[in-house]
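Listing of start.cif; format and content: mmCIF, C-alpha atoms.
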data_coords
#
loop_
_atom_site.label_atom_id
_atom_site.label_comp_id
_atom_site.auth_asym_id
_atom_site.auth_seq_id
_atom_site.Cartn_x
_atom_site.Cartn_y
_atom_site.Cartn_z
CA MET A 1 -37.34 3.30 -31.74
CA ALA A 2 -36.39 6.97 -31.83
CA ALA A 3 -32.75 7.73 -32.45
CA VAL A 4 -30.72 8.96 -29.47
CA LYS A 5 -29.64 12.56 -29.89
CA LYS A 6 -25.92 12.95 -30.46
CA GLU A 7 -25.71 15.37 -27.51
CA SER A 8 -27.15 12.70 -25.21
CA THR A 9 -24.69 9.99 -26.25
CA LEU A 10 -22.17 9.31 -23.55
CA ALA A 11 -18.71 10.63 -24.32
CA LEU A 12 -17.24 7.18 -23.65
CA ALA A 13 -19.54 5.92 -26.43
CA GLY A 14 -18.45 8.59 -28.89
CA GLY A 15 -20.69 11.48 -27.94
CA PRO A 16 -19.54 15.04 -27.20
CA ARG A 17 -18.20 15.93 -23.76
CA ALA A 18 -20.63 17.68 -21.46
CA VAL A 19 -17.91 19.88 -19.96
CA THR A 20 -16.23 22.06 -22.55
CA ARG A 21 -15.12 24.94 -20.35
CA GLN A 22 -11.68 24.88 -18.76
CA ALA A 23 -11.23 24.39 -15.05
CA PRO A 24 -9.66 27.35 -13.27
CA SER A 25 -5.87 27.31 -12.98
CA TRP A 26 -4.08 26.79 -9.68
CA PRO A 27 -2.20 28.18 -7.81
CA VAL A 28 -3.11 31.85 -8.07
CA SER A 29 -0.67 34.72 -7.61
CA GLY A 30 -0.63 38.43 -8.26
CA ALA A 31 1.41 41.59 -8.71
CA ARG A 32 1.77 42.09 -4.96
CA GLU A 33 3.72 38.84 -4.54
CA LEU A 34 5.94 39.69 -7.51
CA ARG A 35 6.80 43.08 -5.99
CA TRP A 36 7.43 41.63 -2.54
CA MET A 37 9.48 38.77 -3.95
CA ASN A 38 11.72 41.16 -5.86
CA GLU A 39 12.23 43.22 -2.71
CA VAL A 40 13.13 40.10 -0.70
CA VAL A 41 15.64 38.91 -3.29
CA GLN A 42 17.31 42.31 -3.37
CA SER A 43 17.31 42.65 0.43
CA GLY A 44 19.41 39.53 0.99
CA ARG A 45 17.26 38.62 3.98
CA TRP A 46 15.85 35.33 2.82
CA SER A 47 15.20 33.49 6.08
CA TRP A 48 15.63 33.73 9.88
CA LEU A 49 12.26 35.15 11.00
CA GLY A 50 12.12 37.94 8.45
CA PRO A 51 9.45 40.65 8.27
CA HIS A 52 7.24 38.74 5.84
CA GLU A 53 7.23 35.61 8.00
CA ARG A 54 6.34 37.66 11.07
CA ALA A 55 3.62 39.55 9.19
CA PHE A 56 2.15 36.32 7.87
CA CYS A 57 2.09 34.68 11.30
CA ALA A 58 0.29 37.67 12.79
CA ALA A 59 -2.26 37.78 9.96
CA PHE A 60 -2.84 34.02 10.05
CA SER A 61 -3.42 34.10 13.81
CA ARG A 62 -6.12 36.73 13.26
CA PHE A 63 -7.63 34.73 10.41
CA ILE A 64 -7.81 31.47 12.39
CA GLY A 65 -8.58 33.06 15.74
CA ALA A 66 -5.57 31.59 17.54
CA ARG A 67 -3.19 33.50 19.79
CA TYR A 68 0.00 32.15 18.21
CA THR A 69 1.18 30.93 14.81
CA ILE A 70 4.59 29.36 14.14
CA ALA A 71 5.60 28.90 10.47
CA LEU A 72 7.57 25.76 9.55
CA THR A 73 8.88 23.98 6.47
CA ASN A 74 5.95 21.61 5.81
CA GLY A 75 2.79 20.11 7.23
CA THR A 76 4.45 16.93 8.48
CA VAL A 77 7.01 18.48 10.81
CA THR A 78 4.23 20.75 12.10
CA MET A 79 2.48 17.67 13.49
CA GLN A 80 5.71 16.21 14.85
CA CYS A 81 6.58 19.41 16.69
CA ALA A 82 3.03 20.03 17.90
CA LEU A 83 2.73 16.51 19.31
CA GLN A 84 6.02 16.91 21.16
CA ALA A 85 4.93 20.30 22.48
CA LEU A 86 1.70 18.72 23.74
CA GLY A 87 3.74 16.25 25.76
CA VAL A 88 3.67 13.13 23.58
CA GLN A 89 6.67 10.94 24.36
CA PRO A 90 8.05 7.66 22.99
CA GLY A 91 5.75 4.80 23.96
CA ASP A 92 2.66 7.00 24.24
CA GLU A 93 -0.29 6.26 21.98
CA VAL A 94 -1.79 8.71 19.50
CA ILE A 95 -5.21 7.97 17.99
CA VAL A 96 -5.43 8.69 14.25
CA PRO A 97 -8.34 8.11 11.82
CA GLY A 98 -7.86 5.20 9.44
CA LEU A 99 -8.48 7.50 6.47
CA THR A 100 -6.02 10.37 6.11
CA TRP A 101 -2.80 11.24 4.35
CA VAL A 102 0.03 9.01 5.54
CA ALA A 103 1.91 11.92 7.15
CA THR A 104 -0.67 12.14 9.93
CA ALA A 105 0.43 8.73 11.18
CA GLN A 106 4.10 9.16 10.27
CA ALA A 107 4.38 12.31 12.37
CA ALA A 108 3.44 10.38 15.50
CA MET A 109 5.53 7.33 14.66
CA ASP A 110 8.61 9.40 13.90
CA ILE A 111 8.68 10.90 17.39
CA GLY A 112 8.46 7.44 18.98
CA ALA A 113 4.72 7.29 19.64
CA ASN A 114 2.56 4.32 18.72
CA VAL A 115 -0.39 5.00 16.42
CA VAL A 116 -3.79 3.47 17.12
CA PHE A 117 -6.14 3.76 14.15
CA ALA A 118 -9.85 4.41 14.70
CA ASP A 119 -12.71 4.33 12.22
CA ILE A 120 -14.41 7.22 10.45
CA ASP A 121 -17.89 8.56 9.81
CA PRO A 122 -18.98 6.85 6.56
CA GLU A 123 -20.21 10.09 5.00
CA THR A 124 -18.11 13.00 6.29
CA LEU A 125 -14.98 10.78 6.47
CA GLY A 126 -13.96 12.42 9.76
CA LEU A 127 -12.93 10.59 12.92
CA ASP A 128 -15.90 8.73 14.41
CA PRO A 129 -16.27 9.76 18.08
CA GLU A 130 -17.47 6.32 19.20
CA SER A 131 -14.53 4.60 17.52
CA PHE A 132 -12.19 7.17 19.07
CA ALA A 133 -13.60 6.46 22.53
CA ALA A 134 -13.29 2.70 22.04
CA ALA A 135 -9.61 3.05 21.04
CA ILE A 136 -8.54 4.81 24.24
CA THR A 137 -6.14 2.97 26.56
CA PRO A 138 -4.15 4.07 29.62
CA ARG A 139 -1.28 4.94 27.23
CA THR A 140 -3.34 7.31 25.04
CA ARG A 141 -1.83 10.77 25.14
CA ALA A 142 -3.26 12.55 22.09
CA VAL A 143 -5.81 12.32 19.30
CA ILE A 144 -5.56 13.84 15.82
CA PRO A 145 -9.01 14.60 14.35
CA VAL A 146 -8.49 15.21 10.62
CA HIS A 147 -10.87 17.68 8.99
CA LEU A 148 -10.74 15.85 5.67
CA TYR A 149 -11.58 17.14 2.17
CA GLY A 150 -14.77 19.21 2.60
CA CYS A 151 -16.17 18.28 6.03
CA MET A 152 -15.26 18.95 9.64
CA CYS A 153 -15.09 16.39 12.42
CA ASP A 154 -17.65 16.43 15.25
CA MET A 155 -15.50 18.61 17.49
CA ASP A 156 -18.08 18.80 20.29
CA ALA A 157 -18.05 15.03 20.78
CA ILE A 158 -14.29 14.65 20.26
CA LEU A 159 -13.44 17.42 22.73
CA ASP A 160 -15.85 16.03 25.31
CA ILE A 161 -14.26 12.57 25.12
CA ALA A 162 -10.74 13.98 25.11
CA ARG A 163 -11.28 16.23 28.11
CA ARG A 164 -12.84 13.43 30.16
CA HIS A 165 -9.78 11.25 29.51
CA ARG A 166 -7.19 14.08 29.69
CA ILE A 167 -6.16 13.53 26.08
CA LYS A 168 -4.58 16.32 24.05
CA VAL A 169 -6.30 17.30 20.79
CA LEU A 170 -4.18 18.21 17.74
CA GLU A 171 -6.36 19.21 14.80
CA ASP A 172 -5.02 18.25 11.37
CA VAL A 173 -6.23 21.25 9.39
CA ALA A 174 -4.30 20.66 6.17
CA HIS A 175 -7.59 20.63 4.22
CA GLN A 176 -9.54 23.27 6.11
CA HIS A 177 -7.87 26.70 6.04
CA GLY A 178 -10.74 28.93 7.14
CA SER A 179 -13.39 26.42 8.25
CA ARG A 180 -15.31 27.40 11.39
CA TRP A 181 -17.14 25.24 13.95
CA ARG A 182 -19.73 27.20 15.94
CA ASP A 183 -17.89 30.23 14.52
CA GLN A 184 -14.59 29.10 16.02
CA GLY A 185 -11.75 28.60 13.56
CA ALA A 186 -10.52 25.11 12.74
CA GLY A 187 -7.05 24.97 14.23
CA ALA A 188 -8.13 27.04 17.24
CA ILE A 189 -10.58 24.54 18.72
CA GLY A 190 -8.28 21.86 20.13
CA ASP A 191 -4.99 22.30 21.96
CA ALA A 192 -3.14 23.02 18.71
CA GLY A 193 -3.68 22.99 14.95
CA SER A 194 -1.42 21.74 12.16
CA PHE A 195 -1.64 23.31 8.71
CA SER A 196 -0.02 22.40 5.39
CA PHE A 197 0.73 24.92 2.62
CA GLN A 198 1.69 22.32 0.01
CA GLN A 199 1.03 23.04 -3.70
CA SER A 200 -2.56 21.76 -3.87
CA LYS A 201 -3.79 23.43 -0.66
CA VAL A 202 -6.15 26.41 -0.71
CA LEU A 203 -3.40 28.49 0.90
CA THR A 204 -0.07 27.50 -0.61
CA CYS A 205 3.57 28.46 -0.97
CA GLY A 206 4.53 25.20 -2.72
CA GLU A 207 5.60 23.61 0.55
CA GLY A 208 5.30 24.90 4.08
CA GLY A 209 3.25 24.55 7.23
CA ALA A 210 2.18 26.20 10.47
CA VAL A 211 1.21 25.33 14.02
CA THR A 212 -1.51 27.39 15.73
CA THR A 213 -2.22 27.41 19.45
CA ASP A 214 -3.42 29.54 22.36
CA ASP A 215 -0.87 27.94 24.72
CA LEU A 216 2.32 29.92 25.28
CA ASP A 217 4.25 26.82 26.39
CA VAL A 218 3.26 25.01 23.17
CA TYR A 219 4.34 28.05 21.15
CA GLN A 220 7.73 28.20 22.84
CA THR A 221 8.41 24.48 22.47
CA VAL A 222 7.48 24.42 18.79
CA PHE A 223 9.56 27.56 18.27
CA ALA A 224 12.64 25.92 19.79
CA LEU A 225 12.10 22.72 17.82
CA LYS A 226 11.84 24.71 14.59
CA GLN A 227 14.58 27.25 15.32
CA VAL A 228 17.55 24.95 16.12
CA GLY A 229 16.92 25.30 19.86
CA TRP A 230 16.74 29.11 19.95
CA MET A 231 13.79 30.65 21.77
CA PRO A 232 12.52 34.17 22.57
CA GLU A 233 13.91 35.31 25.90
CA ASN A 234 10.45 36.46 27.00
CA ALA A 235 7.79 35.34 24.51
CA GLY A 236 5.06 36.87 26.64
CA ARG A 237 6.57 40.27 25.82
CA ASN A 238 8.04 39.71 22.35
CA LEU A 239 7.38 36.62 20.22
CA TYR A 240 10.66 36.84 18.30
CA GLU A 241 13.43 38.67 20.06
CA PRO A 242 15.85 38.69 21.61
CA LEU A 243 16.57 35.03 20.93
CA VAL A 244 18.50 33.02 23.47
CA ALA A 245 19.94 29.51 23.46
CA ALA A 246 17.15 27.71 25.28
CA ARG A 247 19.13 24.59 26.19
CA ARG A 248 16.41 22.60 24.42
CA TYR A 249 16.60 20.11 21.58
CA GLY A 250 15.88 21.60 18.19
CA HIS A 251 15.86 21.11 14.42
CA ASN A 252 16.10 23.39 11.41
CA TYR A 253 12.51 23.61 10.23
CA ARG A 254 12.62 27.28 9.25
CA MET A 255 10.37 28.84 6.63
CA THR A 256 11.94 31.18 4.06
CA GLU A 257 10.88 34.73 3.30
CA MET A 258 9.98 33.66 -0.25
CA GLN A 259 7.45 31.20 1.12
CA ALA A 260 6.05 33.82 3.48
CA VAL A 261 5.56 36.26 0.61
CA LEU A 262 3.41 33.74 -1.27
CA LEU A 263 1.39 32.99 1.86
CA ARG A 264 0.77 36.66 2.62
CA GLY A 265 -0.49 37.21 -0.90
CA GLY A 266 -2.63 34.08 -0.85
CA LEU A 267 -4.16 35.02 2.48
CA THR A 268 -5.46 38.30 1.05
CA ARG A 269 -7.53 36.30 -1.46
CA LEU A 270 -8.55 33.39 0.76
CA THR A 271 -11.74 34.78 2.29
CA ALA A 272 -13.22 35.64 -1.12
CA GLN A 273 -12.10 32.31 -2.57
CA THR A 274 -13.64 30.42 0.35
CA ALA A 275 -16.94 32.22 -0.15
CA ARG A 276 -16.90 31.39 -3.85
CA ARG A 277 -16.20 27.71 -3.12
CA GLU A 278 -19.04 27.64 -0.60
CA ARG A 279 -21.48 29.15 -3.11
CA ASN A 280 -20.52 26.69 -5.82
CA ALA A 281 -20.62 23.76 -3.42
CA GLN A 282 -24.17 24.76 -2.48
CA ARG A 283 -25.14 24.96 -6.17
CA LEU A 284 -23.70 21.50 -6.71
CA ARG A 285 -25.46 20.17 -3.60
CA GLU A 286 -28.81 21.48 -4.80
CA GLY A 287 -28.17 20.28 -8.35
CA LEU A 288 -27.30 16.78 -7.18
CA GLU A 289 -30.48 16.64 -5.09
CA ALA A 290 -32.50 17.60 -8.17
CA ILE A 291 -30.79 14.96 -10.32
CA GLY A 292 -31.24 12.16 -7.80
CA GLY A 293 -29.42 8.91 -8.49
CA PRO A 294 -26.40 7.52 -6.66
CA LEU A 295 -24.24 10.65 -6.21
CA ARG A 296 -24.89 13.31 -3.59
CA ALA A 297 -23.03 15.77 -1.44
CA ALA A 298 -21.93 14.59 1.98
CA ARG A 299 -24.12 16.01 4.72
CA ARG A 300 -23.06 19.33 6.21
CA ASP A 301 -23.20 19.56 9.97
CA PRO A 302 -25.25 22.64 10.96
CA ARG A 303 -22.58 23.49 13.56
CA VAL A 304 -20.18 24.25 10.69
CA THR A 305 -20.58 28.00 10.26
CA ARG A 306 -18.04 28.29 7.43
CA GLN A 307 -16.75 25.43 5.31
CA ALA A 308 -13.44 25.61 3.52
CA TYR A 309 -12.88 23.03 0.79
CA TYR A 310 -9.69 21.26 -0.12
CA ALA A 311 -12.19 19.16 -2.05
CA MET A 312 -15.95 18.72 -1.93
CA THR A 313 -16.80 15.43 -0.23
CA LEU A 314 -19.30 13.34 -2.18
CA TYR A 315 -21.16 10.16 -1.25
CA TYR A 316 -21.90 7.46 -3.80
CA ASP A 317 -24.78 5.12 -2.93
CA PRO A 318 -24.29 1.73 -4.67
CA GLU A 319 -27.86 0.76 -3.79
CA ALA A 320 -29.18 3.56 -6.01
CA ALA A 321 -26.80 2.90 -8.90
CA ASP A 322 -28.48 0.14 -10.93
CA GLY A 323 -25.44 -2.07 -10.54
CA VAL A 324 -22.94 0.64 -11.55
CA SER A 325 -19.92 0.81 -9.26
CA ARG A 326 -18.51 4.10 -8.08
CA ASP A 327 -15.41 3.61 -10.23
CA ALA A 328 -17.51 2.92 -13.32
CA PHE A 329 -19.50 6.08 -12.63
CA ARG A 330 -16.29 8.09 -12.18
CA HIS A 331 -14.88 6.66 -15.41
CA ALA A 332 -17.94 7.77 -17.37
CA LEU A 333 -17.86 11.22 -15.77
CA ALA A 334 -14.17 11.66 -16.57
CA ALA A 335 -14.93 11.04 -20.22
CA GLU A 336 -17.47 13.88 -20.00
CA GLY A 337 -14.79 16.22 -18.64
CA CYS A 338 -15.88 16.01 -15.00
CA SER A 339 -13.13 14.30 -13.00
CA LEU A 340 -13.99 13.10 -9.52
CA GLY A 341 -11.13 12.05 -7.30
CA ALA A 342 -10.97 8.99 -5.12
CA THR A 343 -9.81 9.18 -1.52
CA TYR A 344 -6.55 8.27 0.15
CA GLY A 345 -6.21 4.58 0.89
CA PRO A 346 -6.53 3.24 4.45
CA VAL A 347 -3.36 4.44 6.17
CA TYR A 348 -2.61 1.03 7.63
CA ARG A 349 -2.61 -0.50 4.13
CA ASN A 350 -1.31 2.39 2.04
CA PRO A 351 1.69 1.30 -0.09
CA LEU A 352 3.17 4.76 0.47
CA LEU A 353 3.52 3.84 4.14
CA ASN A 354 5.03 0.35 4.18
CA LEU A 355 5.05 -0.21 7.91
CA ASP A 356 7.14 -3.36 7.55
CA ASP A 357 9.91 -1.70 5.56
CA ALA A 358 13.37 -1.53 7.12
CA THR A 359 13.15 2.29 7.07
CA SER A 360 9.94 2.23 9.11
CA PRO A 361 10.23 2.64 12.90
CA LEU A 362 7.96 -0.35 13.49
CA PRO A 363 10.45 -3.21 12.95
CA TYR A 364 12.47 -1.81 15.85
CA ARG A 365 9.57 -1.72 18.30
CA ASP A 366 8.03 -4.39 20.50
CA PRO A 367 5.12 -5.85 18.48
CA ALA A 368 3.25 -6.44 21.71
CA THR A 369 2.89 -2.68 22.16
CA LEU A 370 1.47 -2.07 18.67
CA GLN A 371 -1.95 -2.33 17.13
CA ASP A 372 -1.91 -5.29 14.72
CA TYR A 373 -2.05 -3.33 11.47
CA ARG A 374 -1.93 -6.44 9.27
CA GLN A 375 -5.11 -7.78 10.82
CA LEU A 376 -6.78 -4.42 11.33
CA SER A 377 -10.09 -3.88 9.58
CA LEU A 378 -12.00 -0.61 9.91
CA PRO A 379 -15.25 -1.20 7.99
CA ASN A 380 -16.31 2.40 7.38
CA THR A 381 -12.82 3.34 6.23
CA GLU A 382 -12.56 0.42 3.82
CA ARG A 383 -16.05 0.76 2.38
CA SER A 384 -15.56 4.49 1.84
CA VAL A 385 -12.27 3.92 0.03
CA GLN A 386 -13.56 1.05 -2.10
CA GLU A 387 -17.20 1.91 -2.81
CA THR A 388 -18.80 5.11 -1.56
CA ALA A 389 -16.51 8.15 -1.25
CA ALA A 390 -15.56 10.55 -4.03
CA THR A 391 -14.15 14.07 -4.12
CA LEU A 392 -14.24 17.14 -6.33
CA SER A 393 -11.07 19.24 -6.12
CA GLN A 394 -11.27 22.78 -4.74
CA VAL A 395 -10.04 24.09 -8.09
CA HIS A 396 -13.37 23.20 -9.72
CA LEU A 397 -15.23 25.08 -6.98
CA LEU A 398 -13.58 28.29 -8.18
CA GLY A 399 -15.28 28.03 -11.57
CA ASP A 400 -17.98 30.38 -12.81
CA SER A 401 -21.68 29.50 -12.85
CA ALA A 402 -21.53 28.26 -16.46
CA TYR A 403 -18.76 25.84 -15.51
CA VAL A 404 -20.74 24.53 -12.54
CA ARG A 405 -23.79 24.04 -14.78
CA GLN A 406 -21.66 21.95 -17.14
CA LEU A 407 -20.44 19.79 -14.25
CA LEU A 408 -24.03 19.13 -13.26
CA ALA A 409 -24.98 18.44 -16.88
CA ALA A 410 -22.26 15.79 -17.03
CA ILE A 411 -23.52 14.16 -13.84
CA ARG A 412 -27.11 14.17 -15.09
CA LYS A 413 -26.06 12.73 -18.44
CA VAL A 414 -24.25 9.81 -16.77
CA THR A 415 -26.99 9.28 -14.18
CA ASP A 416 -29.64 9.10 -16.91
CA GLN A 417 -27.76 6.30 -18.72
CA LEU A 418 -26.62 3.97 -15.95
CA PRO A 419 -27.27 0.76 -17.95
CA ARG A 420 -25.00 2.02 -20.75
CA VAL A 421 -22.37 3.03 -18.20
CA ARG A 422 -22.44 -0.46 -16.71
CA GLN A 423 -22.17 -2.06 -20.13
CA ALA A 424 -19.21 0.12 -21.14
CA TRP A 425 -17.43 -0.66 -17.86
CA GLU A 426 -17.94 -4.39 -18.30
CA GLU A 427 -16.63 -4.21 -21.86
CA ARG A 428 -13.60 -2.26 -20.68
CA ARG A 429 -12.78 -4.84 -18.03
CA SER A 430 -13.37 -7.92 -20.19
#
If you took the structure in this file and wrote it as structure tokens, what would it be?
Amino acid sequence: MAAVKKESTLALAGGPRAVTRQAPSWPVSGARELRWMNEVVQSGRWSWLGPHERAFCAAFSRFIGARYTIALTNGTVTMQCALQALGVQPGDEVIVPGLTWVATAQAAMDIGANVVFADIDPETLGLDPESFAAAITPRTRAVIPVHLYGCMCDMDAILDIARRHRIKVLEDVAHQHGSRWRDQGAGAIGDAGSFSFQQSKVLTCGEGGAVTTDDLDVYQTVFALKQVGWMPENAGRNLYEPLVAARRYGHNYRMTEMQAVLLRGGLTRLTAQTARRERNAQRLREGLEAIGGPLRAARRDPRVTRQAYYAMTLYYDPEAADGVSRDAFRHALAAEGCSLGATYGPVYRNPLLNLDDATSPLPYRDPATLQDYRQLSLPNTERSVQETAATLSQVHLLGDSAYVRQLLAAIRKVTDQLPRVRQAWEERRS
């Protein structure tokens, strides 16, 4: 038997790593932000609807294609405020996909609404329209389609169902800054959009968020909720001033000028970065098709005219894996220097959202009004989490062509040696 070349030996068996180049660093900043930040610090105007916040909101509205943008402290309170502005009240039901970050559900629960979880598309991981339709009751007031990782939801089907049942649509766009559906910006398709600018997002200021909408009433309500009850006297004429006490309930969810500076700088780079991610995602898609085996890119809906990537969504087919589980495959790839992420857990079982904890709102609600989360089983959600879904962070999609080639070389190397991968995994677990 011919000896196996050292270069072909799996890294977990002592061979060299396939990926030797460094992943790009994140986040990215530049001289413009440093200059602006110094000016802000010296100005003493650090908050309260400063010029950088206003400039960012105007630029972001143009970028998304929405009439209004309101900047807030994070991407959780954006959903809370947007839901309230859309008319969701305590006791109403909000439909949420079973696979998302826990804040999507928490935002609805924390304003007194009851969350009804619906299943997802097994490949794109977005809200399944049929499951959404089946979850509707007379108490349903809103739905939150989550454009997750690197795919958009079927917004045609979701909007059609929502409009027929007079349900408000709040897009969770935390992962999709710049995606477009039929050339309409994500966050400007439904009644409102909720964005996060947390550290890992493609547009970031460390923490922060925004609500986008075309509805002036939604804008004014979110504004008052964010600005301690203050509101523009005539927002149709001037979005910011003069402010008057609106005799409305409010919180302090203000963004600072420092955050706005980082967002303005990041927005100047976002279009080029999005294009680079799209090009590299297409190279990876084509490379995975050429390799064959169990790992492939999730399908891209042809109605998506621009795809932003918080992460590239990948599908792992256990039937084509020669008995190698997704986690075994990921373990072997990580040893090669190609780290694929898993997904969030099912929200209704996520230990980060203990719905039975004394701090949760659920123990203080009538169980008869709630979906039975303990008994809930959403098959597509659970199979995706446990067996089939994987992700590649947006940071890797900013790499150069040589880096992408090394990622594909790692995947080919592992795919070509599935029996050895299975053996190594079994030895590790024994």
Surrounding residues of segment 128-144 of chain A excluding itself and chain neighbours under 6 positions, 6 Å, only C-alpha atoms, as a ChimeraX atom specification: /A:92-96,118-121,158,167-171
Counting all atoms listed in the file, give me one row per residue of segment 116-194 of chain A with an atom at most 12 Å from an atom of segment 43-61 of chain A, showing the shortest contact pair and its distance in Å to one decimal, sorted by chain then residue number, as a Markdown table.
| residue | atom | partner | partner_atom | distance |
| --- | --- | --- | --- | --- |
| A:His177 | CA | A:Phe60 | CA | 9.7 |
| A:Gly178 | CA | A:Phe60 | CA | 9.8 |
| A:Gly185 | CA | A:Ser61 | CA | 10.0 |
| A:Ala186 | CA | A:Ser61 | CA | 11.5 |
| A:Gly187 | CA | A:Ser61 | CA | 9.8 |
| A:Ala188 | CA | A:Ser61 | CA | 9.2 |
| A:Gly193 | CA | A:Ser61 | CA | 11.2 |
message: What does the structure give for the distance between atom CA of His175 of chain A and atom CA of Thr313 of chain A, in Å to one decimal?
response: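 Between atom CA of His175 of chain A and atom CA of Thr313 of chain A the gap is 11.5 Å.
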Using only C-alpha atoms, find all polymer residues with an atom at most 12 Å away from the point (-14.6, 0.4, -15.2); report them as a PDB file with C-alpha atoms, in the frame of the given file.
ATOM      1  CA  LEU A  12     -17.240   7.180 -23.650  1.00  0.00           C
ATOM      2  CA  VAL A 324     -22.940   0.640 -11.550  1.00  0.00           C
ATOM      3  CA  SER A 325     -19.920   0.810  -9.260  1.00  0.00           C
ATOM      4  CA  ARG A 326     -18.510   4.100  -8.080  1.00  0.00           C
ATOM      5  CA  ASP A 327     -15.410   3.610 -10.230  1.00  0.00           C
ATOM      6  CA  ALA A 328     -17.510   2.920 -13.320  1.00  0.00           C
ATOM      7  CA  PHE A 329     -19.500   6.080 -12.630  1.00  0.00           C
ATOM      8  CA  ARG A 330     -16.290   8.090 -12.180  1.00  0.00           C
ATOM      9  CA  HIS A 331     -14.880   6.660 -15.410  1.00  0.00           C
ATOM     10  CA  ALA A 332     -17.940   7.770 -17.370  1.00  0.00           C
ATOM     11  CA  LEU A 333     -17.860  11.220 -15.770  1.00  0.00           C
ATOM     12  CA  ALA A 334     -14.170  11.660 -16.570  1.00  0.00           C
ATOM     13  CA  ALA A 335     -14.930  11.040 -20.220  1.00  0.00           C
ATOM     14  CA  ARG A 420     -25.000   2.020 -20.750  1.00  0.00           C
ATOM     15  CA  VAL A 421     -22.370   3.030 -18.200  1.00  0.00           C
ATOM     16  CA  ARG A 422     -22.440  -0.460 -16.710  1.00  0.00           C
ATOM     17  CA  GLN A 423     -22.170  -2.060 -20.130  1.00  0.00           C
ATOM     18  CA  ALA A 424     -19.210   0.120 -21.140  1.00  0.00           C
ATOM     19  CA  TRP A 425     -17.430  -0.660 -17.860  1.00  0.00           C
ATOM     20  CA  GLU A 426     -17.940  -4.390 -18.300  1.00  0.00           C
ATOM     21  CA  GLU A 427     -16.630  -4.210 -21.860  1.00  0.00           C
ATOM     22  CA  ARG A 428     -13.600  -2.260 -20.680  1.00  0.00           C
ATOM     23  CA  ARG A 429     -12.780  -4.840 -18.030  1.00  0.00           C
ATOM     24  CA  SER A 430     -13.370  -7.920 -20.190  1.00  0.00           C
TER      25      SER A 430
END
task: For the file shown, report as an MDAnalysis selection string the outcome of the PyMOL selection byres ((chain A and resi 151) around 10) at residue level.
output: chainID A and resid 123:126 146:150 152:154 175:176 179 298:301 304 307:313
field: Ground truth for the PyMOL selection byres ((chain A and resi 386) around 10), written as a PyMOL selection string
entry: chain A and resi 325-327+342-343+345-346+380-385+387-390
Residues just named, written with C-alpha atoms as a PDB file, keeping the file's coordinate frame:
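The resulting file, again_22.pdb, is shown below:
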ATOM      1  CA  SER A 325     -19.920   0.810  -9.260  1.00  0.00           C
ATOM      2  CA  ARG A 326     -18.510   4.100  -8.080  1.00  0.00           C
ATOM      3  CA  ASP A 327     -15.410   3.610 -10.230  1.00  0.00           C
ATOM      4  CA  ALA A 342     -10.970   8.990  -5.120  1.00  0.00           C
ATOM      5  CA  THR A 343      -9.810   9.180  -1.520  1.00  0.00           C
ATOM      6  CA  GLY A 345      -6.210   4.580   0.890  1.00  0.00           C
ATOM      7  CA  PRO A 346      -6.530   3.240   4.450  1.00  0.00           C
ATOM      8  CA  ASN A 380     -16.310   2.400   7.380  1.00  0.00           C
ATOM      9  CA  THR A 381     -12.820   3.340   6.230  1.00  0.00           C
ATOM     10  CA  GLU A 382     -12.560   0.420   3.820  1.00  0.00           C
ATOM     11  CA  ARG A 383     -16.050   0.760   2.380  1.00  0.00           C
ATOM     12  CA  SER A 384     -15.560   4.490   1.840  1.00  0.00           C
ATOM     13  CA  VAL A 385     -12.270   3.920   0.030  1.00  0.00           C
ATOM     14  CA  GLU A 387     -17.200   1.910  -2.810  1.00  0.00           C
ATOM     15  CA  THR A 388     -18.800   5.110  -1.560  1.00  0.00           C
ATOM     16  CA  ALA A 389     -16.510   8.150  -1.250  1.00  0.00           C
ATOM     17  CA  ALA A 390     -15.560  10.550  -4.030  1.00  0.00           C
TER      18      ALA A 390
END
- prompt: Got a sec: who's within 8 Å of Arg67 of chain A, counting all atoms listed in the file, leaving out chain neighbours fewer than 5 positions off, as a list in words?
  reply: Ser61, Arg62, Thr212, Thr213, Asp214 and Asp215 of chain A
Give me segment 378-392 of chain A from this structure - C-alpha atoms, as a PDB file, in the first residue's frame.
ATOM      1  CA  LEU A 378     -40.607  21.944  16.156  1.00  0.00           C
ATOM      2  CA  PRO A 379     -38.986  19.241  14.000  1.00  0.00           C
ATOM      3  CA  ASN A 380     -37.191  21.423  11.460  1.00  0.00           C
ATOM      4  CA  THR A 381     -35.798  23.654  14.199  1.00  0.00           C
ATOM      5  CA  GLU A 382     -34.527  20.739  16.267  1.00  0.00           C
ATOM      6  CA  ARG A 383     -33.046  18.787  13.369  1.00  0.00           C
ATOM      7  CA  SER A 384     -31.272  21.897  12.078  1.00  0.00           C
ATOM      8  CA  VAL A 385     -29.778  22.609  15.498  1.00  0.00           C
ATOM      9  CA  GLN A 386     -28.740  19.018  16.162  1.00  0.00           C
ATOM     10  CA  GLU A 387     -27.769  17.629  12.757  1.00  0.00           C
ATOM     11  CA  THR A 388     -27.844  19.739   9.612  1.00  0.00           C
ATOM     12  CA  ALA A 389     -27.114  23.463  10.044  1.00  0.00           C
ATOM     13  CA  ALA A 390     -23.696  25.088  10.193  1.00  0.00           C
ATOM     14  CA  THR A 391     -22.413  28.626   9.710  1.00  0.00           C
ATOM     15  CA  LEU A 392     -19.292  30.417   8.537  1.00  0.00           C
TER      16      LEU A 392
END
